[in-house]
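> Sharing a structure with you now.
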Amino acid sequence: MVHADGSVAQTWNYLKQHGLQGFIDIWPRPTAIAWKIIFVYGAFEAALQLLLPGKRVEGPISPTGNRPVYKGHVAPSSTDSGSSGNFIIDFYWGMELYPRIGKNFDIKVFTNCRFGMMSWAVLAVTYCIKQYELNGKVSDSMLVNTTLMLVYVTKFFWWEAGYWNTMDIAHDRAGFYICWGCLVWVPSVYTSPGMYLVNHPVNLGMQ
């Protein structure tokens with residue numbers, strides 16, 4: 001999609017002409033620098049999660065009567081864990097409702113909030129900077145896009161204690177789909193309007 005300038009039609013035509021090799025050619029390959037940036041960002045967010053002070057907030061009582069107590073699969077947090085008996089379902093859906101590394105590092109808080117939601121805000125601002133770097137100014141459409149995203153993310157963190165009562169935390173287990181969604185889908189798809197506007201500035205004007 002990036003190679004086709006965001007056009008689904010161009011991407012489809014390219015793949016029809018070049019087949020599997022075309023798909024391989026346009027598949028993004030992160031550079032060593034990109035991996036370093038992602039690693040440093042993840043480590044920084046993990047450190048903030050562990051070190052910043054904050055009030056204690058407990059999640060809702062689970063269907064089996066447990067309060068969230070965070071541990072990993074080896075030592076399940078409560079009866080809100082276990083296998084379905086199917087490896088594929090366990091991998092995709094997850095086995096542990098409240099997985100944790102050590103006593104304090106909650107996996108779902110990291111993937112959903114610290115990495116996923118914060119990367120949404122960071123990338124939104126980054127696209128503004130990139131557009132300014134390329135064009136010497138930031139278009140009003142980019143400002144509107146970025147402002148709306150930052151308002152949404154700010155609201156999320158302002159209301160973060162309420163997030164512990166949502167389906168993501170209280171119902172969805174920490175499987176592939178929720179972790180991949182927060183680590184990949186949110187940073188890439190949710191920020192895509194800003195990425196598009198970098199090279200396609202639109203001046204909305206006052207009308």
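By order in the structure tokens, chains are A, B, ...; within a chain, residues start at 1; ligands start at 1, following the order shown.
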Show me, as a ChimeraX atom specification, the residues that have an atom within 12 Å of Phe110 of chain A when counting only C-alpha atoms, minus same-chain residues fewer than 2 positions from it.
/A:41-50,98-101,104-108,112-119,169,174,178-179,182-183
> Just the residues within 8 Å of segment 149-151 of chain A, please, counting only C-alpha atoms, with nothing from its chain fewer than 5 positions along; format it as a list in words.
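My reading of the contact set: Trp120, Ala121 and Ala124 of chain A.
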> Take the residues from that selection and put them in a file with N, CA and C atoms, as a tab-separated table (two decimals), in the first residue's frame.

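Final output, saved to result-v4.tsv:
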chain	number	residue	atom	x	y	z
A	120	TRP	N	0.11	5.41	19.04
A	120	TRP	CA	-0.86	6.15	18.23
A	120	TRP	C	-0.59	7.65	18.34
A	121	ALA	N	-0.40	8.13	19.55
A	121	ALA	CA	-0.14	9.55	19.76
A	121	ALA	C	1.23	9.96	19.21
A	124	ALA	N	1.19	10.06	15.39
A	124	ALA	CA	0.40	11.19	14.89
A	124	ALA	C	1.24	12.46	14.88
> Segment 4-194 of chain A: which residues are strand (DSSP E) by DSSP, as a list in words?
Arg100, Ile101, Phe105 and Asp106 of chain A
> Using only C-alpha atoms, which of the listed residues (A:Trp35, A:Trp27, A:Trp12, A:Phe91) sits closest to Arg173 of chain A?
A:Phe91
> Smallest atom-to-atom distance to Glu160 of chain A: which of A:Met195, A:Val109, A:Phe39, A:Tyr92, using only C-alpha atoms?
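Under the stated criterion, the closest residue is A:Val109.
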> What does the distance from atom CA of Lys155 of chain A to atom CA of Ala170 of chain A come to in Å, to one decimal?
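Pair atom CA of Lys155 of chain A / atom CA of Ala170 of chain A returns 19.9 Å.
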> I'd like the interatomic distance between atom CA of Val202 of chain A and atom CA of Ser139 of chain A, to a tenth of an Å.
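Atom CA of Ser139 of chain A lies 6.4 Å from atom CA of Val202 of chain A.
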> Smallest atom-to-atom distance to Glu133 of chain A: which of A:His171, A:Lys16, A:Val198, A:Phe23, using only C-alpha atoms?
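So, comparing all the options, the nearest one is A:Val198.
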